[in-house]
Each structure stands twice: as C-alpha cells, then as structure tokens.
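This is entry-v1.txt. It holds compact mmCIF, C-alpha atoms.
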```txt
# COMPACT_ATOMS: atom_id res chain seq x y z
CA MET A 1 120.76 104.74 127.88
CA LEU A 2 122.27 105.15 124.45
CA TYR A 3 121.45 108.75 123.71
CA THR A 4 122.12 111.54 126.18
CA GLU A 5 119.19 112.84 128.20
CA SER A 6 119.06 116.21 126.43
CA LEU A 7 119.15 114.51 123.04
CA SER A 8 116.39 112.07 123.96
CA ARG A 9 114.23 114.93 125.20
CA LEU A 10 114.55 116.88 121.96
CA ILE A 11 113.84 113.72 119.93
CA ARG A 12 110.70 113.16 122.02
CA LEU A 13 109.51 116.74 121.45
CA PHE A 14 110.18 116.60 117.70
CA GLN A 15 108.29 113.31 117.51
CA LYS A 16 105.12 115.03 118.71
CA MET A 17 105.04 117.04 115.47
CA PRO A 18 102.67 115.85 112.77
CA GLY A 19 104.30 113.56 110.25
CA VAL A 20 107.51 113.22 112.24
CA GLY A 21 108.37 109.64 113.20
CA GLN A 22 111.15 108.31 115.38
CA LYS A 23 113.80 108.19 112.65
CA SER A 24 113.02 111.70 111.38
CA ALA A 25 113.01 113.12 114.91
CA GLN A 26 116.39 111.47 115.51
CA ARG A 27 117.81 112.89 112.30
CA MET A 28 116.46 116.36 113.13
CA ALA A 29 117.87 116.35 116.66
CA LEU A 30 121.28 115.20 115.44
CA TYR A 31 121.13 118.03 112.92
CA VAL A 32 120.54 120.51 115.75
CA LEU A 33 123.51 119.02 117.59
CA GLN A 34 125.72 119.48 114.59
CA ILE A 35 124.88 123.04 113.48
CA PRO A 36 126.84 125.96 114.94
CA ARG A 37 125.45 127.36 118.20
CA PRO A 38 124.18 130.68 116.71
CA GLU A 39 122.06 128.74 114.23
CA ALA A 40 120.55 126.62 116.99
CA GLU A 41 119.83 129.77 118.99
CA GLN A 42 118.14 131.26 115.94
CA LEU A 43 115.89 128.22 115.73
CA ALA A 44 114.97 128.35 119.43
CA GLN A 45 114.31 132.07 119.11
CA ALA A 46 112.16 131.67 116.00
CA ILE A 47 109.93 129.26 117.91
CA GLY A 48 109.44 131.76 120.72
CA GLU A 49 108.92 134.64 118.32
CA LEU A 50 106.27 132.79 116.37
CA LYS A 51 104.28 132.37 119.58
CA ASP A 52 104.77 136.04 120.46
CA LYS A 53 104.01 137.64 117.12
CA THR A 54 101.58 135.45 115.26
CA ARG A 55 97.95 135.18 116.32
CA TYR A 56 94.62 134.25 114.75
CA CYS A 57 92.53 136.89 112.98
CA SER A 58 89.43 137.61 115.07
CA LEU A 59 87.26 137.70 111.94
CA CYS A 60 88.38 134.83 109.73
CA MET A 61 90.65 132.89 112.15
CA ASN A 62 93.50 132.95 109.66
CA ILE A 63 97.00 133.35 111.08
CA THR A 64 98.21 136.93 111.08
CA GLU A 65 100.54 139.44 112.73
CA ILE A 66 97.93 142.22 112.64
CA ASP A 67 94.31 141.74 113.70
CA PRO A 68 92.09 141.84 111.59
CA CYS A 69 94.28 140.20 108.96
CA PRO A 70 95.31 141.87 105.66
CA ILE A 71 92.84 139.70 103.71
CA CYS A 72 89.85 140.74 105.87
CA VAL A 73 90.58 144.48 105.55
CA ASN A 74 91.46 144.40 101.84
CA PRO A 75 88.84 146.57 100.04
CA ALA A 76 89.74 144.98 96.68
CA ARG A 77 88.25 141.66 97.76
CA ASP A 78 84.66 140.59 97.17
CA PRO A 79 82.96 141.18 100.54
CA GLY A 80 79.93 139.09 99.54
CA THR A 81 81.71 135.76 99.24
CA ILE A 82 83.13 133.72 102.11
CA CYS A 83 85.30 130.74 101.24
CA VAL A 84 85.31 128.20 104.08
CA VAL A 85 88.54 126.22 104.51
CA GLU A 86 89.58 123.68 107.12
CA ASP A 87 92.95 125.22 107.99
CA PRO A 88 95.46 127.93 106.95
CA LYS A 89 97.08 125.45 104.55
CA GLY A 90 93.79 125.23 102.66
CA LEU A 91 93.59 129.02 102.53
CA LEU A 92 97.13 129.18 101.19
CA ALA A 93 96.35 126.58 98.52
CA ILE A 94 93.42 128.66 97.26
CA GLU A 95 95.33 131.94 97.43
CA LYS A 96 98.05 130.38 95.29
CA THR A 97 95.60 130.04 92.39
CA LYS A 98 95.39 133.88 92.43
CA SER A 99 91.98 133.60 90.75
CA TYR A 100 89.56 134.09 93.63
CA LYS A 101 89.73 137.37 95.52
CA VAL A 102 87.30 136.40 98.26
CA HIS A 103 87.09 136.53 102.03
CA TYR A 104 87.81 133.43 104.06
CA HIS A 105 86.66 131.59 107.12
CA VAL A 106 89.16 129.14 108.64
CA LEU A 107 87.40 126.38 110.59
CA MET A 108 90.56 125.06 112.25
CA GLY A 109 89.59 121.45 111.64
CA ASN A 110 86.85 119.26 110.26
CA ILE A 111 84.00 117.47 112.02
CA SER A 112 85.34 114.05 112.95
CA PRO A 113 83.25 112.01 115.40
CA LEU A 114 86.04 109.40 115.66
CA ASP A 115 88.41 112.05 117.02
CA ASN A 116 85.70 113.58 119.22
CA ILE A 117 85.55 116.72 117.10
CA GLY A 118 81.97 117.92 116.76
CA PRO A 119 80.61 121.10 115.10
CA ASP A 120 81.26 123.06 118.31
CA GLU A 121 84.96 122.17 118.36
CA ILE A 122 85.50 123.95 115.01
CA ARG A 123 84.49 127.53 114.17
CA THR A 124 81.04 126.90 112.70
CA LYS A 125 79.20 129.20 115.13
CA GLU A 126 81.48 132.08 114.15
CA LEU A 127 80.72 131.38 110.48
CA LEU A 128 76.96 131.50 111.08
CA ALA A 129 77.37 134.77 113.01
CA ARG A 130 79.25 136.32 110.06
CA VAL A 131 76.58 135.19 107.60
CA GLU A 132 73.76 136.44 109.84
CA GLN A 133 75.35 139.91 109.99
CA GLY A 134 74.26 140.25 106.37
CA GLY A 135 75.95 141.30 103.13
CA ILE A 136 76.98 137.76 102.19
CA ASN A 137 75.76 136.30 98.87
CA GLU A 138 77.60 133.02 98.76
CA VAL A 139 79.45 130.63 101.06
CA ILE A 140 81.88 128.40 99.14
CA VAL A 141 82.74 125.31 101.19
CA ALA A 142 86.29 124.35 100.26
CA THR A 143 87.05 121.67 102.85
CA SER A 144 88.96 118.63 101.49
CA PRO A 145 86.91 115.90 99.77
CA THR A 146 87.65 113.45 102.59
CA ILE A 147 85.02 111.83 104.81
CA GLU A 148 85.60 114.50 107.46
CA GLY A 149 85.63 117.34 104.94
CA GLU A 150 82.42 116.10 103.30
CA THR A 151 80.71 115.74 106.68
CA THR A 152 81.75 119.28 107.57
CA ALA A 153 80.45 120.56 104.22
CA MET A 154 77.06 118.87 104.78
CA TYR A 155 76.83 120.33 108.26
CA ILE A 156 77.65 123.85 107.06
CA SER A 157 75.13 123.56 104.25
CA LYS A 158 72.37 122.70 106.77
CA LEU A 159 73.58 125.43 109.12
CA ILE A 160 73.50 128.20 106.51
CA LYS A 161 70.36 127.12 104.58
CA PRO A 162 67.87 128.88 106.95
CA THR A 163 69.56 132.23 106.19
CA TRP A 164 68.73 131.80 102.43
CA VAL A 165 72.38 132.51 101.55
CA LYS A 166 73.69 130.33 98.68
CA VAL A 167 76.03 127.54 99.80
CA THR A 168 78.28 125.91 97.17
CA ARG A 169 80.86 123.13 97.30
CA ILE A 170 84.11 122.98 95.29
CA ALA A 171 83.93 120.44 92.46
CA CYS A 172 85.24 116.91 92.75
CA GLY A 173 86.60 115.14 89.69
CA LEU A 174 89.72 114.05 87.92
CA PRO A 175 92.81 116.13 88.68
CA MET A 176 94.18 118.01 85.66
CA GLY A 177 96.78 115.86 83.94
CA GLY A 178 95.40 112.77 85.67
CA ASP A 179 94.67 109.60 83.74
CA LEU A 180 91.16 108.11 83.78
CA GLU A 181 92.73 104.66 84.01
CA PHE A 182 94.31 105.38 87.38
CA ALA A 183 91.46 107.32 89.00
CA ASP A 184 89.40 105.55 91.66
CA GLU A 185 85.70 104.74 91.20
CA VAL A 186 84.45 107.37 93.65
CA THR A 187 86.37 110.15 91.89
CA ILE A 188 85.12 109.01 88.48
CA SER A 189 81.48 108.89 89.57
CA LYS A 190 81.91 112.34 91.16
CA ALA A 191 83.42 113.59 87.88
CA LEU A 192 80.47 112.14 85.95
CA SER A 193 77.77 113.51 88.22
CA GLY A 194 79.46 116.91 88.27
CA ARG A 195 79.72 117.12 84.46
CA LEU A 196 79.25 120.55 82.91
CA GLY A 197 78.10 121.65 79.47
CA ILE A 198 80.93 122.57 77.07
CA MET B 1 102.83 137.75 101.66
CA LEU B 2 100.58 134.89 102.62
CA TYR B 3 102.27 133.70 105.79
CA THR B 4 103.38 136.02 108.55
CA GLU B 5 107.06 136.87 108.74
CA SER B 6 107.67 134.92 111.95
CA LEU B 7 105.94 131.87 110.50
CA SER B 8 107.90 132.03 107.25
CA ARG B 9 111.15 132.30 109.21
CA LEU B 10 110.43 129.18 111.28
CA ILE B 11 109.38 127.28 108.14
CA ARG B 12 112.68 128.28 106.49
CA LEU B 13 114.68 127.09 109.50
CA PHE B 14 112.82 123.78 109.74
CA GLN B 15 113.38 123.23 106.04
CA LYS B 16 117.14 123.23 106.57
CA MET B 17 116.79 120.00 108.56
CA PRO B 18 117.64 116.77 106.76
CA GLY B 19 114.61 115.07 105.23
CA VAL B 20 112.31 118.03 105.88
CA GLY B 21 110.71 119.46 102.75
CA GLN B 22 108.53 122.51 102.33
CA LYS B 23 105.24 120.82 103.18
CA SER B 24 106.65 119.11 106.28
CA ALA B 25 108.27 122.32 107.49
CA GLN B 26 104.95 124.10 107.01
CA ARG B 27 103.09 121.42 108.95
CA MET B 28 105.68 121.53 111.75
CA ALA B 29 105.57 125.31 112.07
CA LEU B 30 101.78 125.33 112.13
CA TYR B 31 101.99 122.69 114.86
CA VAL B 32 104.24 125.00 116.89
CA LEU B 33 101.72 127.79 116.39
CA GLN B 34 98.93 125.62 117.66
CA ILE B 35 100.45 124.05 120.77
CA PRO B 36 100.13 125.86 124.13
CA ARG B 37 102.86 128.37 124.88
CA PRO B 38 104.59 126.31 127.65
CA GLU B 39 105.05 123.42 125.22
CA ALA B 40 106.62 125.71 122.62
CA GLU B 41 108.92 127.13 125.28
CA GLN B 42 109.89 123.60 126.25
CA LEU B 43 110.86 122.91 122.65
CA ALA B 44 112.93 126.09 122.33
CA GLN B 45 114.61 125.31 125.65
CA ALA B 46 115.37 121.71 124.68
CA ILE B 47 117.20 122.97 121.60
CA GLY B 48 119.35 125.28 123.71
CA GLU B 49 119.96 122.63 126.33
CA LEU B 50 121.08 120.08 123.79
CA LYS B 51 123.76 122.50 122.62
CA ASP B 52 124.79 123.22 126.21
CA LYS B 53 124.90 119.70 127.59
CA THR B 54 125.75 117.33 124.80
CA ARG B 55 129.22 117.19 123.33
CA TYR B 56 131.37 114.71 121.42
CA CYS B 57 133.51 112.16 123.29
CA SER B 58 137.17 113.09 122.86
CA LEU B 59 138.09 109.43 122.35
CA CYS B 60 135.44 107.90 120.10
CA MET B 61 133.61 111.08 118.93
CA ASN B 62 130.28 109.63 120.02
CA ILE B 63 127.76 112.08 121.48
CA THR B 64 127.85 112.19 125.26
CA GLU B 65 127.13 114.31 128.32
CA ILE B 66 130.33 113.18 130.10
CA ASP B 67 133.72 113.04 128.40
CA PRO B 68 135.05 110.33 127.86
CA CYS B 69 131.70 108.68 127.15
CA PRO B 70 130.26 105.77 129.18
CA ILE B 71 131.11 103.30 126.40
CA CYS B 72 134.80 104.30 126.30
CA VAL B 73 135.26 103.96 130.08
CA ASN B 74 133.25 100.74 130.46
CA PRO B 75 135.68 98.03 131.70
CA ALA B 76 133.27 95.28 130.62
CA ARG B 77 133.87 96.06 126.98
CA ASP B 78 136.52 94.45 124.79
CA PRO B 79 139.33 97.01 124.67
CA GLY B 80 140.99 95.25 121.72
CA THR B 81 138.24 95.82 119.18
CA ILE B 82 137.25 99.12 117.62
CA CYS B 83 134.09 99.23 115.56
CA VAL B 84 134.16 102.10 113.05
CA VAL B 85 130.79 103.68 112.23
CA GLU B 86 129.91 106.67 110.08
CA ASP B 87 127.70 108.45 112.62
CA PRO B 88 126.01 108.08 116.04
CA LYS B 89 122.98 106.51 114.33
CA GLY B 90 125.22 103.68 113.10
CA LEU B 91 126.58 103.22 116.62
CA LEU B 92 123.07 103.07 118.01
CA ALA B 93 122.03 100.50 115.39
CA ILE B 94 124.90 98.21 116.43
CA GLU B 95 124.33 98.74 120.16
CA LYS B 96 120.69 97.72 119.68
CA THR B 97 121.83 94.21 118.66
CA LYS B 98 123.27 93.90 122.21
CA SER B 99 125.67 91.24 120.88
CA TYR B 100 128.91 93.16 120.43
CA LYS B 101 130.44 94.75 123.50
CA VAL B 102 133.17 96.64 121.68
CA HIS B 103 134.63 100.11 121.58
CA TYR B 104 133.65 102.50 118.82
CA HIS B 105 135.06 105.16 116.57
CA VAL B 106 132.56 107.57 115.04
CA LEU B 107 133.86 109.06 111.77
CA MET B 108 131.15 111.74 111.51
CA GLY B 109 130.64 111.12 107.81
CA ASN B 110 131.91 109.09 104.89
CA ILE B 111 134.42 109.97 102.19
CA SER B 112 132.42 111.53 99.37
CA PRO B 113 134.42 113.34 96.67
CA LEU B 114 131.21 114.67 95.12
CA ASP B 115 130.41 116.52 98.36
CA ASN B 116 134.02 117.63 98.82
CA ILE B 117 134.47 115.32 101.81
CA GLY B 118 137.93 113.76 101.75
CA PRO B 119 139.64 111.54 104.38
CA ASP B 120 140.75 114.62 106.31
CA GLU B 121 137.18 115.92 106.69
CA ILE B 122 136.20 112.82 108.67
CA ARG B 123 137.98 111.43 111.75
CA THR B 124 140.35 108.99 110.07
CA LYS B 125 143.52 110.49 111.54
CA GLU B 126 142.12 110.10 115.04
CA LEU B 127 141.38 106.43 114.27
CA LEU B 128 144.94 105.78 113.11
CA ALA B 129 146.28 107.48 116.25
CA ARG B 130 144.15 105.21 118.46
CA VAL B 131 145.34 102.10 116.61
CA GLU B 132 148.98 103.21 116.77
CA GLN B 133 148.74 103.61 120.54
CA GLY B 134 148.61 99.80 120.66
CA GLY B 135 146.41 97.24 122.35
CA ILE B 136 144.07 96.92 119.38
CA ASN B 137 143.57 93.51 117.73
CA GLU B 138 140.83 94.24 115.26
CA VAL B 139 139.18 97.17 113.53
CA ILE B 140 135.66 96.32 112.31
CA VAL B 141 134.58 98.75 109.60
CA ALA B 142 130.79 99.09 109.91
CA THR B 143 130.10 101.96 107.53
CA SER B 144 126.97 101.51 105.35
CA PRO B 145 127.33 99.44 102.16
CA THR B 146 126.80 102.53 100.00
CA ILE B 147 129.32 103.88 97.50
CA GLU B 148 130.54 106.39 100.10
CA GLY B 149 130.62 103.80 102.89
CA GLU B 150 132.54 101.31 100.73
CA THR B 151 135.03 103.99 99.68
CA THR B 152 135.56 104.90 103.32
CA ALA B 153 136.04 101.22 104.23
CA MET B 154 138.68 100.78 101.51
CA TYR B 155 140.51 103.90 102.65
CA ILE B 156 140.51 102.77 106.29
CA SER B 157 141.74 99.31 105.30
CA LYS B 158 144.72 100.88 103.48
CA LEU B 159 145.32 103.27 106.35
CA ILE B 160 145.42 100.58 109.04
CA LYS B 161 147.23 97.82 107.06
CA PRO B 162 150.79 99.13 107.80
CA THR B 163 150.15 98.71 111.54
CA TRP B 164 149.51 94.93 111.05
CA VAL B 165 146.21 95.24 112.94
CA LYS B 166 143.42 93.09 111.44
CA VAL B 167 140.79 95.12 109.53
CA THR B 168 137.40 93.49 108.85
CA ARG B 169 134.25 94.63 107.07
CA ILE B 170 130.67 93.79 108.09
CA ALA B 171 129.06 91.23 105.77
CA CYS B 172 126.85 92.16 102.84
CA GLY B 173 124.06 89.84 101.77
CA LEU B 174 120.36 89.22 101.86
CA PRO B 175 118.56 90.78 104.82
CA MET B 176 116.96 88.25 107.17
CA GLY B 177 113.37 87.62 106.07
CA GLY B 178 114.16 89.02 102.64
CA ASP B 179 113.14 87.20 99.47
CA LEU B 180 115.79 86.21 96.90
CA GLU B 181 113.36 87.20 94.15
CA PHE B 182 113.30 90.84 95.22
CA ALA B 183 116.98 91.30 96.03
CA ASP B 184 119.11 93.27 93.59
CA GLU B 185 121.96 91.70 91.62
CA VAL B 186 124.74 93.39 93.57
CA THR B 187 123.36 92.17 96.90
CA ILE B 188 122.98 88.64 95.57
CA SER B 189 126.52 88.49 94.22
CA LYS B 190 127.79 89.88 97.54
CA ALA B 191 125.77 87.18 99.34
CA LEU B 192 127.28 84.50 97.10
CA SER B 193 130.87 85.66 97.38
CA GLY B 194 130.50 86.00 101.17
CA ARG B 195 129.04 82.49 101.60
CA LEU B 196 130.03 80.61 104.74
CA GLY B 197 130.26 76.88 105.52
CA ILE B 198 127.24 75.50 107.42
```

What's the structure tokens form of this structure?
Amino acid sequence: MLYTESLSRLIRLFQKMPGVGQKSAQRMALYVLQIPRPEAEQLAQAIGELKDKTRYCSLCMNITEIDPCPICVNPARDPGTICVVEDPKGLLAIEKTKSYKVHYHVLMGNISPLDNIGPDEIRTKELLARVEQGGINEVIVATSPTIEGETTAMYISKLIKPTWVKVTRIACGLPMGGDLEFADEVTISKALSGRLGI
Amino acid sequence: MLYTESLSRLIRLFQKMPGVGQKSAQRMALYVLQIPRPEAEQLAQAIGELKDKTRYCSLCMNITEIDPCPICVNPARDPGTICVVEDPKGLLAIEKTKSYKVHYHVLMGNISPLDNIGPDEIRTKELLARVEQGGINEVIVATSPTIEGETTAMYISKLIKPTWVKVTRIACGLPMGGDLEFADEVTISKALSGRLGI
C-alpha cells in the first residue's frame, strides 16, 4: 500500500466523477490534503448543502432552489414555446445567448439504446403531458447533434406530432468562425441542406 | 442567476483544484447533484477523514497515517541512500518501479522564483539535517527534469557538497519506446551527453 487508506478512498470517489481519471483524482485528493482544514470543511459542507438545498423543478426538471423554478414562473417569458434540452448544461448554454426568452423542458439524458436508456428513462412522458395541457405553439428540440441527441429529437417529433403542435429542431451547420476546409462531411451536408435564403 | 447558489458555490470550490477548469467543475458538481444522497455523504465524509487521518511523516515528509511512515521504519530498505522527490506523486512513481528500495525525502515543491518559492519554502533544510546526522552515502535527486526541478537539483547539489556525501541526478534521455525523430533537441543532447558504455 503506497497511499494511505483515507487518501485511496477519496481518490476512488473522485474517480467516479465524469471526466476525472486516475491522475486527476490523485491530484485533486492531494490538493485536499494540502489545503487548510477550514477550506476542506467548506468543501465537504458545500457537497452536503447542495444535496439539501438544490432540487429539480417539478415543471421543467431544471435544477432550482425554489419549486417551480424562476424560469417557469417568469411572466416575461413566452409561455407558448418549450425548448427541450438534454440536461441543465444545455439549458445554461441557451440562456447564455440571452436571445430566447422561452420555457424549457430538461430531459435529463438522451435516448441511448447502447446504454439501456429508452424513452421512458428520460422525461419524455412529462413533456407530452405539458404539451397536451394546451397553450403550447412550438416545441424546439435543442438536444445535441450527436447520434443520441438526433435519436431523441426524432422520437420527440413522433411523440408530439399527434397533438398538431409544431416541432422544430435547432439548425446544424458550420460553427461561426469555422473554416469550411476543416469541417467534416456530415456537417457540410447538413449546412447545405439547411441553407436559407439571404 | 442561472445556477442555484449552492451549486455555484460547489462549482467555485471544485474549480480551485489543480487541473479543474470551469466546465469540469460544472460537470463534477452536477454529478454530485445527481448521485444518491448516501454517496454524496460518503464523499463529504471522505474529505473530512482524509484531513483527520493522513499527515506528513516527520522524517521524510511523505504522506502517512502512522508517523514515522512505513517506508522510513522499514529495515529492509537501504538506510544509506536518500532519494529526493518533489512531491508524493514522484515518490509513488519511483516506488512503482519496485527496483529501488531506498529512503525518501519529499521536498513538497520545487524552487521556482517566479512563484516566489525559494529554497526555504521547500524542505531543503530538513534534507541537510538528515544528511548531517551521518550514515548517508548517496543522495539521489529525482526531481522532474523541468526548469524548476533542475534548479532545485542544482541547489541541493551545492547544499550537500560540503558534507562530502555523493549527490547524483536521475538520467535524462529518450523515453523507452520513444522515437528519435519525435524527441526534442534538448532531450537528444541530454541523451548523447549521458551516453553509457554497452
């Protein structure tokens, strides 16, 4: 045994985090060892507090301290448009553009048969229920343009179609500032097929 | 405010860790939010426990649960050789080779004038004291071959010289399996000047 038991345990727990490998976990645990005790206590406390205070909004499933969340109860937002995102990071990315004052629906994942995640494992039923309540004009599907995100978008489109509510998908194409030379074929053909009049 | 206060706080604390940027910290905090409560409590507890149980060995400054550490009190190790490393990760890297059963001295950093770290900020005095106590034949300086590590090695060499104890430096050269074509000039000239008879 080269590391102490308490150090190995913390390394193991850090390693479970997404994107954290063995070396990063080791570096992070050694950082915890090295910081003053009050700072380490602050960290431990912040973890507990997050679990105590933050929950998911019962309407849109976004993370919030008050339920329903500030976005859902904001009267300045367009109540007729629901933007569907895969996770709170997606919601944050769209909010950062500050150009779309819409309501959201966080799926908490994408359909991924390889990972045993079907439509029932993500919040598609809750989305349909919201649409069926009426008052919705458009559902914008803003899942990532990955295989899983595209599959989820197709599924949602089929799910919502019978309600006659418009379902749209965010555009795929070249990123702003990107060079045609370095874009992949799929992106370029998406950019071509999605061309708009100017 | 897009994230809740408790979430932002945990993201901020994670971001202080070495090698953790904003996106990683965000991903880690959302992971904490998503795991079951007992697992989050385990993590918070492990942080506290690490601070309670793990300390630095009073002899070699390695991390340990018992002081002096198991390496320092191991009679099967060569008591005449001290291997100087910059941090516990360096010690671990050498222990993994399983070929050198020596004693260690962990400096807890390298000399780095740019970061305001001089010889007195790392454990050089403690090293000199150990050497002056006698019984040491060789000090192997195994700091990394970076500017800071080399500076530290030079300083230690000058520090130990007056005691007439041999000071050696780990070899620099091409990594095993590496290709001459892709090695940088400094490494190649180090490999040439450090050539050995075969």

Can you build me a table of chain A residues sitting at most 7 Å from chain B, with the closest atom pair per residue and its distance in Å to one decimal, using all atoms listed in the file, sorted by chain and residue number, as CSV?
```
residue,atom,partner,partner_atom,distance
A:Leu2,CA,B:Leu92,CA,6.8
A:Thr4,CA,B:Thr64,CA,5.8
A:Ser6,CA,B:Leu50,CA,5.1
A:Leu7,CA,B:Leu50,CA,5.9
A:Arg9,CA,B:Ala46,CA,6.9
A:Leu10,CA,B:Ala46,CA,5.6
A:Leu13,CA,B:Leu43,CA,6.4
A:Met17,CA,B:Met28,CA,5.9
A:Pro18,CA,B:Met28,CA,6.5
A:Arg27,CA,B:Pro18,CA,6.8
A:Met28,CA,B:Met17,CA,5.9
A:Tyr31,CA,B:Met17,CA,6.5
A:Leu33,CA,B:Lys51,CA,6.1
A:Arg37,CA,B:Lys51,CA,6.8
A:Ala40,CA,B:Ile47,CA,6.8
A:Glu41,CA,B:Gly48,CA,6.5
A:Leu43,CA,B:Leu13,CA,6.4
A:Ala44,CA,B:Ala44,CA,4.2
A:Gln45,CA,B:Ala44,CA,6.9
A:Ala46,CA,B:Leu10,CA,5.6
A:Ile47,CA,B:Ala44,CA,6.2
A:Gly48,CA,B:Glu41,CA,6.5
A:Glu49,CA,B:Ser6,CA,6.5
A:Leu50,CA,B:Ser6,CA,5.1
A:Lys51,CA,B:Leu33,CA,6.1
A:Lys53,CA,B:Ser6,CA,6.9
A:Thr54,CA,B:Ser6,CA,7.0
A:Thr64,CA,B:Thr4,CA,5.8
A:Glu65,CA,B:Thr4,CA,6.1
A:Leu92,CA,B:Leu2,CA,6.8
```

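In this structure, CA of Leu128 in chain A sits 20.9 Å away from CA of Pro113 in chain A.
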
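Comparing the minimum interatomic distances between Pro119 in chain B and each of B:Ile94, B:Met154, B:Val73, B:Ile136, counting all atoms listed in the file, we find that B:Met154 sits nearest.
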
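Atom to atom, CA of Pro145 in chain B and CA of Gly21 in chain B stand 26.0 Å apart.
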
Extending 8 Å beyond the listed atoms of range 68-75 of chain B on each side, what axis-aligned box results? I want centre and edge lengths in Å to one decimal, as JSON.
```
{"center_x": 133.0, "center_y": 104.2, "center_z": 129.0, "size_x": 21.4, "size_y": 28.3, "size_z": 21.4}
```

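CA of Glu138 in chain A is found 29.7 Å from CA of Gly177 in chain A.
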
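Minimum atom-to-atom distance to Asp115 in chain A, evaluated using all atoms listed in the file, belongs to A:Glu148 out of A:Glu148, A:Pro175, A:Lys161, A:Cys69.
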
I want to know what sits within 12 Å of Gly109 in chain B, based on only C-alpha atoms, with residues of the same chain fewer than 5 positions away left out; could you give that as a PyMOL selection string?
(chain A and resi 34) or (chain B and resi 61+84-90+115-124+143-144+148-149+151-153)

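Nearest-residue note for Cys60 in chain A: choosing from A:Arg130, A:His105, A:Lys158, A:Arg77, the minimum distance belongs to A:His105, counting all atoms listed in the file.
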
### Task
Name the residues in contact with range 162-164 of chain B at a cut-off of 10 Å, using all atoms listed in the file, excluding same-chain residues fewer than 3 positions from it; report them as a PyMOL selection string.
chain B and resi 128+131-132+134+137-138+157-159+167

How would range 25-42 of chain A look with N, CA, C and O atoms restored, written as an mmCIF file, keeping the file's coordinate frame?
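Printed below is rebuild_25.cif as written:
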```cif
data_model
loop_
_atom_site.group_PDB
_atom_site.id
_atom_site.type_symbol
_atom_site.label_atom_id
_atom_site.label_comp_id
_atom_site.auth_asym_id
_atom_site.auth_seq_id
_atom_site.Cartn_x
_atom_site.Cartn_y
_atom_site.Cartn_z
ATOM 1 N N ALA A 25 112.749 112.319 113.716
ATOM 2 C CA ALA A 25 113.010 113.120 114.910
ATOM 3 C C ALA A 25 114.485 112.972 115.303
ATOM 4 O O ALA A 25 115.153 113.946 115.663
ATOM 5 N N GLN A 26 114.995 111.750 115.194
ATOM 6 C CA GLN A 26 116.390 111.470 115.510
ATOM 7 C C GLN A 26 117.310 112.246 114.576
ATOM 8 O O GLN A 26 118.255 112.908 115.029
ATOM 9 N N ARG A 27 116.995 112.193 113.288
ATOM 10 C CA ARG A 27 117.810 112.890 112.300
ATOM 11 C C ARG A 27 117.790 114.406 112.558
ATOM 12 O O ARG A 27 118.797 115.088 112.460
ATOM 13 N N MET A 28 116.587 114.926 112.903
ATOM 14 C CA MET A 28 116.460 116.360 113.130
ATOM 15 C C MET A 28 117.238 116.794 114.370
ATOM 16 O O MET A 28 117.903 117.831 114.372
ATOM 17 N N ALA A 29 117.166 115.984 115.433
ATOM 18 C CA ALA A 29 117.870 116.350 116.660
ATOM 19 C C ALA A 29 119.379 116.290 116.455
ATOM 20 O O ALA A 29 120.124 117.142 116.954
ATOM 21 N N LEU A 30 119.844 115.292 115.710
ATOM 22 C CA LEU A 30 121.280 115.200 115.440
ATOM 23 C C LEU A 30 121.735 116.370 114.565
ATOM 24 O O LEU A 30 122.868 116.845 114.688
ATOM 25 N N TYR A 31 120.819 116.841 113.714
ATOM 26 C CA TYR A 31 121.130 118.030 112.920
ATOM 27 C C TYR A 31 121.329 119.236 113.828
ATOM 28 O O TYR A 31 122.282 119.994 113.674
ATOM 29 N N VAL A 32 120.433 119.386 114.817
ATOM 30 C CA VAL A 32 120.540 120.510 115.750
ATOM 31 C C VAL A 32 121.875 120.428 116.511
ATOM 32 O O VAL A 32 122.544 121.435 116.737
ATOM 33 N N LEU A 33 122.272 119.214 116.850
ATOM 34 C CA LEU A 33 123.510 119.020 117.590
ATOM 35 C C LEU A 33 124.718 119.462 116.771
ATOM 36 O O LEU A 33 125.729 119.938 117.297
ATOM 37 N N GLN A 34 124.581 119.332 115.473
ATOM 38 C CA GLN A 34 125.720 119.480 114.590
ATOM 39 C C GLN A 34 125.884 120.903 114.071
ATOM 40 O O GLN A 34 126.998 121.331 113.776
ATOM 41 N N ILE A 35 124.790 121.672 114.003
ATOM 42 C CA ILE A 35 124.880 123.040 113.480
ATOM 43 C C ILE A 35 125.576 123.943 114.491
ATOM 44 O O ILE A 35 125.591 123.647 115.691
ATOM 45 N N PRO A 36 126.171 125.043 114.024
ATOM 46 C CA PRO A 36 126.840 125.960 114.940
ATOM 47 C C PRO A 36 125.832 126.533 115.959
ATOM 48 O O PRO A 36 124.643 126.654 115.647
ATOM 49 N N ARG A 37 126.327 126.880 117.145
ATOM 50 C CA ARG A 37 125.450 127.360 118.200
ATOM 51 C C ARG A 37 124.559 128.536 117.788
ATOM 52 O O ARG A 37 123.365 128.519 118.096
ATOM 53 N N PRO A 38 125.074 129.571 117.066
ATOM 54 C CA PRO A 38 124.180 130.680 116.710
ATOM 55 C C PRO A 38 122.971 130.229 115.911
ATOM 56 O O PRO A 38 121.871 130.744 116.081
ATOM 57 N N GLU A 39 123.178 129.232 115.033
ATOM 58 C CA GLU A 39 122.060 128.740 114.230
ATOM 59 C C GLU A 39 121.016 128.057 115.096
ATOM 60 O O GLU A 39 119.815 128.203 114.877
ATOM 61 N N ALA A 40 121.478 127.300 116.089
ATOM 62 C CA ALA A 40 120.550 126.620 116.990
ATOM 63 C C ALA A 40 119.785 127.653 117.809
ATOM 64 O O ALA A 40 118.583 127.517 118.051
ATOM 65 N N GLU A 41 120.493 128.715 118.219
ATOM 66 C CA GLU A 41 119.830 129.770 118.990
ATOM 67 C C GLU A 41 118.765 130.468 118.143
ATOM 68 O O GLU A 41 117.689 130.808 118.634
ATOM 69 N N GLN A 42 119.087 130.657 116.865
ATOM 70 C CA GLN A 42 118.140 131.260 115.940
ATOM 71 C C GLN A 42 116.857 130.437 115.870
ATOM 72 O O GLN A 42 115.756 130.978 115.881
#
```
